[in-house]
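One structure below.
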Amino acid sequence: MSPESPASVHLVVGDEGLLVERAVARAIAAARAADPAVEVAHLPVGEITPGVLGELVSPSLFAESRVVVLENAHDASAEVTTLLLDYAKTPSDGVTLVVVHRGPPRSGGRRGKGPAKSAKGAKGDALLEGLRAAGATEASAVGPSDDQRADFVRAEVRQAGGRITGDALGLLMDAVGSDLRELAAAASQLASDSGGQVDADAVRRFHRGRAEVTGFAVAERAITGDRPGALEALRWALQTGVAHVLVADALADAVRTVARVSAAGRGDPYAMASALKMPPWKVRKAQGQARGWGAEGLTHAMGVVADLNADVKGAAADPAYALEHAVEQVLAARGSSRR
């Protein structure tokens with residue numbers, strides 16, 4: 001669609017904050033490309049009455065363009081829902097309506113066995129489907145799966161003019177977590193700081209402050225046999241206030257992941273991902289980490305992290321010592337596997 005004729009009705013479906021903001025921003029940018037002086041109004045649906053909405057979407061007497069962003073549209077009243085659906089069939093010239101809707105509710109039980117849909121849920125669905133039927137331009141803002149989150153990071157790095165290796169991707173996601181806003185900021189910064197080539201060393205070097213105070217950094221070094229690195233990361237994490245249980249959980253997850261991937265045998269990460277219920281990048285990373293581990297060593301390490309879980313939750317008098325002892329035991333278990 002040309003800048004001279006932006007879409008009249010936009011539908012943003014989902015509740016992932018960053019994706020919602022970007023979809024709304026794109027709709028506003030399209031309207032501004034046609035008229036740089038366009039006015040923008042953001043209103044929660046709870047503040048909207050049929051009269052107020054009617055005024056907002058009516059053509060301006062002075063031919064002024066307007067963007068109306070209606071937030072939390074899934075909570076619209078029956079009257080507002082009816083008005084929105086009627087308007088979407090014959091939108092006004094010069095008005096861009098952006099409707100932000102969280103989408104259909106996620107099922108909480110077995111299909112056909114859950115409680116009846118509420119009146120509010122039914123209204124929300126009616127608005128969603130009605131706007132789609134009216135031809136609204138739709139953008140998804142649904143929170144991504146692990147695989148999609150990895151693709152998101154790759155795309156962010158690529159948009160910033162860089163490329164990221166698989167190892168760096170796994171390390172970055174371990175260090176930052178699942179928050180898209182933080183992942184986007186980290187990806188952009190890394191692409192800029194590294195000259196476009198984002199590898200594992202670049203992540204460690206430029207993201208050291210975040211990467212090395214998480215339990216994941218401790219776990220990665222322990223599972224790969226890096227004793228000095230594991231103990232240094234552990235002490236730094238504890239000094240900076242990382243909770244004992246988070247370090248223990250990360251170590252347990254690393255050991256269990258390597259054990260599961262190792263037991264599954266060699267294979268294509270993408271083919272194995274579905275059966276193991278893991279994203280492919282995590283399978284590929286664990287395959288590399290599994291080198292040097294044997295079945296006996298992994299069995300022993302599994303016992304170590306199981307005991308550690310109880311220790312950091314009160315069983316041990318000194319949880320910090322319990323963590324260090326567990327890391328040493330995991331390192332020793334890997335060492336015994338190599339002999």
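As shown in the structure tokens, the chain order sets the letters A, B, ...; within each chain, residues go from 1, and ligands are also counted from 1 in the order they appear.
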Residue set, stretch 90-260 of chain A restricted to strand (DSSP E), as a PyMOL selection string
chain A and resi 95-101+137-140+163-164+197-198
How would the residues just picked look written out with N, CA and C atoms as a PDB file, in the first residue's frame?
ATOM      1  N   VAL A  95      -8.655   9.131   8.837  1.00  0.00           N
ATOM      2  CA  VAL A  95      -8.591   8.561  10.188  1.00  0.00           C
ATOM      3  C   VAL A  95      -7.983   7.159  10.115  1.00  0.00           C
ATOM      4  N   THR A  96      -6.965   6.927  10.919  1.00  0.00           N
ATOM      5  CA  THR A  96      -6.370   5.595  11.037  1.00  0.00           C
ATOM      6  C   THR A  96      -6.702   5.061  12.423  1.00  0.00           C
ATOM      7  N   LEU A  97      -7.396   3.943  12.477  1.00  0.00           N
ATOM      8  CA  LEU A  97      -7.770   3.326  13.748  1.00  0.00           C
ATOM      9  C   LEU A  97      -6.873   2.119  13.996  1.00  0.00           C
ATOM     10  N   VAL A  98      -6.210   2.106  15.154  1.00  0.00           N
ATOM     11  CA  VAL A  98      -5.350   0.995  15.537  1.00  0.00           C
ATOM     12  C   VAL A  98      -5.955   0.341  16.772  1.00  0.00           C
ATOM     13  N   VAL A  99      -6.375  -0.893  16.633  1.00  0.00           N
ATOM     14  CA  VAL A  99      -7.036  -1.616  17.723  1.00  0.00           C
ATOM     15  C   VAL A  99      -6.068  -2.657  18.273  1.00  0.00           C
ATOM     16  N   VAL A 100      -5.722  -2.528  19.555  1.00  0.00           N
ATOM     17  CA  VAL A 100      -4.797  -3.458  20.205  1.00  0.00           C
ATOM     18  C   VAL A 100      -5.609  -4.450  21.033  1.00  0.00           C
ATOM     19  N   HIS A 101      -5.513  -5.709  20.685  1.00  0.00           N
ATOM     20  CA  HIS A 101      -6.321  -6.781  21.288  1.00  0.00           C
ATOM     21  C   HIS A 101      -5.393  -7.909  21.711  1.00  0.00           C
ATOM     22  N   THR A 137      -6.005  -4.560   8.659  1.00  0.00           N
ATOM     23  CA  THR A 137      -4.621  -4.978   8.482  1.00  0.00           C
ATOM     24  C   THR A 137      -4.107  -5.506   9.814  1.00  0.00           C
ATOM     25  N   GLU A 138      -3.718  -6.777   9.857  1.00  0.00           N
ATOM     26  CA  GLU A 138      -3.405  -7.423  11.137  1.00  0.00           C
ATOM     27  C   GLU A 138      -1.897  -7.610  11.331  1.00  0.00           C
ATOM     28  N   ALA A 139      -1.449  -7.372  12.555  1.00  0.00           N
ATOM     29  CA  ALA A 139      -0.063  -7.620  12.945  1.00  0.00           C
ATOM     30  C   ALA A 139      -0.073  -8.467  14.202  1.00  0.00           C
ATOM     31  N   SER A 140       0.806  -9.450  14.249  1.00  0.00           N
ATOM     32  CA  SER A 140       0.878 -10.332  15.414  1.00  0.00           C
ATOM     33  C   SER A 140       1.846  -9.775  16.450  1.00  0.00           C
ATOM     34  N   ARG A 163      25.897 -10.355  12.066  1.00  0.00           N
ATOM     35  CA  ARG A 163      25.558 -11.781  12.040  1.00  0.00           C
ATOM     36  C   ARG A 163      25.983 -12.378  13.376  1.00  0.00           C
ATOM     37  N   ILE A 164      25.239 -13.379  13.857  1.00  0.00           N
ATOM     38  CA  ILE A 164      25.541 -13.984  15.147  1.00  0.00           C
ATOM     39  C   ILE A 164      25.712 -15.484  14.986  1.00  0.00           C
ATOM     40  N   GLN A 197      30.238  -8.807  13.578  1.00  0.00           N
ATOM     41  CA  GLN A 197      30.497 -10.241  13.696  1.00  0.00           C
ATOM     42  C   GLN A 197      30.352 -10.646  15.169  1.00  0.00           C
ATOM     43  N   VAL A 198      29.181 -11.145  15.535  1.00  0.00           N
ATOM     44  CA  VAL A 198      28.895 -11.470  16.926  1.00  0.00           C
ATOM     45  C   VAL A 198      29.171 -12.953  17.172  1.00  0.00           C
TER      46      VAL A 198
END
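Residues of stretch 31-67 of chain A assigned to helix (DSSP H, G or I) by DSSP on this structure's backbone: Ala31, Arg32, Ala33, Ala34, Val45, Gly46, Glu47, Pro50, Gly51, Val52, Leu53, Gly54, Glu55 and Leu56 of chain A.
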Export of prior selection with N, CA, C and O atoms as a CSV table (one decimal), in the first residue's frame:
chain,number,residue,atom,x,y,z
A,31,ALA,N,0.9,6.4,8.7
A,31,ALA,CA,0.0,7.5,8.6
A,31,ALA,C,0.8,8.8,8.5
A,31,ALA,O,0.4,9.7,7.7
A,32,ARG,N,1.9,8.9,9.2
A,32,ARG,CA,2.8,10.1,9.1
A,32,ARG,C,3.4,10.2,7.7
A,32,ARG,O,3.8,11.4,7.3
A,33,ALA,N,3.7,9.1,7.1
A,33,ALA,CA,4.3,9.2,5.7
A,33,ALA,C,3.3,9.9,4.8
A,33,ALA,O,3.7,10.6,3.8
A,34,ALA,N,2.0,9.7,5.0
A,34,ALA,CA,1.0,10.3,4.2
A,34,ALA,C,0.7,11.7,4.6
A,34,ALA,O,0.5,12.6,3.8
A,45,VAL,N,-9.5,1.3,26.3
A,45,VAL,CA,-10.9,1.1,25.9
A,45,VAL,C,-11.8,1.4,27.1
A,45,VAL,O,-12.9,1.8,27.0
A,46,GLY,N,-11.2,1.3,28.3
A,46,GLY,CA,-12.1,1.6,29.5
A,46,GLY,C,-12.5,3.0,29.6
A,46,GLY,O,-13.4,3.4,30.4
A,47,GLU,N,-11.7,3.9,28.9
A,47,GLU,CA,-12.1,5.3,29.0
A,47,GLU,C,-12.9,5.8,27.8
A,47,GLU,O,-13.2,7.0,27.7
A,50,PRO,N,-19.3,5.3,23.6
A,50,PRO,CA,-19.7,5.4,22.2
A,50,PRO,C,-19.6,6.8,21.7
A,50,PRO,O,-19.2,7.0,20.6
A,51,GLY,N,-20.0,7.8,22.5
A,51,GLY,CA,-20.0,9.2,22.1
A,51,GLY,C,-18.5,9.7,21.8
A,51,GLY,O,-18.3,10.3,20.8
A,52,VAL,N,-17.6,9.3,22.7
A,52,VAL,CA,-16.2,9.8,22.6
A,52,VAL,C,-15.6,9.1,21.4
A,52,VAL,O,-14.9,9.7,20.6
A,53,LEU,N,-15.9,7.8,21.2
A,53,LEU,CA,-15.3,7.1,20.0
A,53,LEU,C,-15.9,7.6,18.7
A,53,LEU,O,-15.1,7.8,17.8
A,54,GLY,N,-17.2,8.0,18.7
A,54,GLY,CA,-17.8,8.5,17.5
A,54,GLY,C,-17.1,9.8,17.1
A,54,GLY,O,-16.9,10.1,15.9
A,55,GLU,N,-16.8,10.7,18.1
A,55,GLU,CA,-16.1,11.9,17.8
A,55,GLU,C,-14.7,11.7,17.3
A,55,GLU,O,-14.2,12.3,16.3
A,56,LEU,N,-14.0,10.7,17.9
A,56,LEU,CA,-12.6,10.4,17.5
A,56,LEU,C,-12.5,9.9,16.0
A,56,LEU,O,-11.5,10.2,15.3
What gap, in Å, lies between atom CA of A:Ala76 and atom CA of A:Leu43?
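Between atom CA of A:Ala76 and atom CA of A:Leu43 the gap is 11.8 Å.
The nearest approach to A:Pro228 among the residues A:Thr82, A:Ala301, A:Val327, A:Glu64, with only C-alpha atoms taken into account, belongs to A:Val327.
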Can you pull out every residue within 9 Å of A:Thr224, counting only C-alpha atoms, but drop anything in the same chain fewer than 3 positions away, and send it as a list of chain:residue names?
A:Ala219, A:Glu220, A:Arg221, A:Arg227, A:Gly288, A:Gln289, A:Ala290, A:Arg291, A:Gly292, A:Leu331, A:Arg334
Store the residues picked out above in a file with all heavy atoms, as a short mmCIF file (atom, residue, chain, number, x, y, z; two decimals), in the first residue's frame.
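The resulting out32.cif:
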data_model
loop_
_atom_site.label_atom_id
_atom_site.label_comp_id
_atom_site.auth_asym_id
_atom_site.auth_seq_id
_atom_site.Cartn_x
_atom_site.Cartn_y
_atom_site.Cartn_z
N ALA A 219 27.17 -22.55 35.19
CA ALA A 219 26.81 -23.87 34.68
C ALA A 219 27.56 -24.20 33.39
O ALA A 219 28.04 -25.32 33.20
CB ALA A 219 25.31 -23.95 34.46
N GLU A 220 27.66 -23.22 32.49
CA GLU A 220 28.32 -23.48 31.20
C GLU A 220 29.78 -23.86 31.40
O GLU A 220 30.29 -24.79 30.77
CB GLU A 220 28.22 -22.25 30.30
CG GLU A 220 28.87 -22.49 28.95
CD GLU A 220 28.82 -21.27 28.05
OE1 GLU A 220 28.38 -20.21 28.52
OE2 GLU A 220 29.25 -21.39 26.89
N ARG A 221 30.44 -23.16 32.31
CA ARG A 221 31.85 -23.46 32.53
C ARG A 221 32.03 -24.79 33.25
O ARG A 221 32.96 -25.55 32.94
CB ARG A 221 32.50 -22.31 33.32
CG ARG A 221 32.70 -21.08 32.45
CD ARG A 221 32.86 -19.82 33.27
NE ARG A 221 33.11 -18.66 32.42
CZ ARG A 221 32.20 -18.06 31.69
NH1 ARG A 221 30.95 -18.50 31.68
NH2 ARG A 221 32.51 -17.02 30.95
N ARG A 227 37.34 -25.44 35.08
CA ARG A 227 37.33 -25.27 36.54
C ARG A 227 37.63 -23.84 36.97
O ARG A 227 36.86 -23.26 37.75
CB ARG A 227 38.33 -26.24 37.21
CG ARG A 227 38.30 -26.18 38.73
CD ARG A 227 39.25 -27.20 39.36
NE ARG A 227 39.15 -27.17 40.80
CZ ARG A 227 39.80 -26.31 41.58
NH1 ARG A 227 40.64 -25.43 41.02
NH2 ARG A 227 39.63 -26.34 42.89
N GLY A 288 27.46 -30.28 21.86
CA GLY A 288 28.85 -29.89 22.01
C GLY A 288 29.33 -30.07 23.44
O GLY A 288 30.45 -30.55 23.69
N GLN A 289 28.48 -29.73 24.40
CA GLN A 289 28.86 -29.86 25.81
C GLN A 289 28.96 -31.31 26.24
O GLN A 289 29.68 -31.63 27.20
CB GLN A 289 27.83 -29.13 26.68
CG GLN A 289 27.83 -27.62 26.49
CD GLN A 289 26.68 -26.96 27.23
OE1 GLN A 289 25.65 -27.56 27.48
NE2 GLN A 289 26.87 -25.68 27.57
N ALA A 290 28.25 -32.21 25.56
CA ALA A 290 28.25 -33.62 25.95
C ALA A 290 29.57 -34.32 25.65
O ALA A 290 29.84 -35.38 26.23
CB ALA A 290 27.10 -34.36 25.24
N ARG A 291 30.38 -33.73 24.77
CA ARG A 291 31.67 -34.35 24.47
C ARG A 291 32.53 -34.34 25.73
O ARG A 291 32.70 -33.32 26.38
CB ARG A 291 32.39 -33.59 23.35
CG ARG A 291 31.60 -33.57 22.04
CD ARG A 291 32.44 -32.98 20.91
NE ARG A 291 31.62 -32.80 19.71
CZ ARG A 291 31.11 -31.65 19.32
NH1 ARG A 291 31.34 -30.56 20.04
NH2 ARG A 291 30.37 -31.56 18.24
N GLY A 292 33.06 -35.47 26.08
CA GLY A 292 33.86 -35.57 27.30
C GLY A 292 33.07 -36.11 28.48
O GLY A 292 33.64 -36.39 29.53
N LEU A 331 32.55 -30.96 38.08
CA LEU A 331 33.80 -30.94 37.33
C LEU A 331 34.54 -32.27 37.45
O LEU A 331 35.07 -32.79 36.47
CB LEU A 331 34.69 -29.80 37.85
CG LEU A 331 34.25 -28.38 37.48
CD1 LEU A 331 34.91 -27.37 38.41
CD2 LEU A 331 34.58 -28.08 36.02
N ARG A 334 32.85 -34.98 35.35
CA ARG A 334 33.21 -34.87 33.93
C ARG A 334 34.63 -35.39 33.74
O ARG A 334 34.93 -36.11 32.77
CB ARG A 334 33.14 -33.43 33.46
CG ARG A 334 33.39 -33.28 31.96
CD ARG A 334 33.26 -31.82 31.55
NE ARG A 334 33.35 -31.70 30.10
CZ ARG A 334 34.48 -31.64 29.40
NH1 ARG A 334 35.65 -31.72 30.04
NH2 ARG A 334 34.46 -31.53 28.08
#
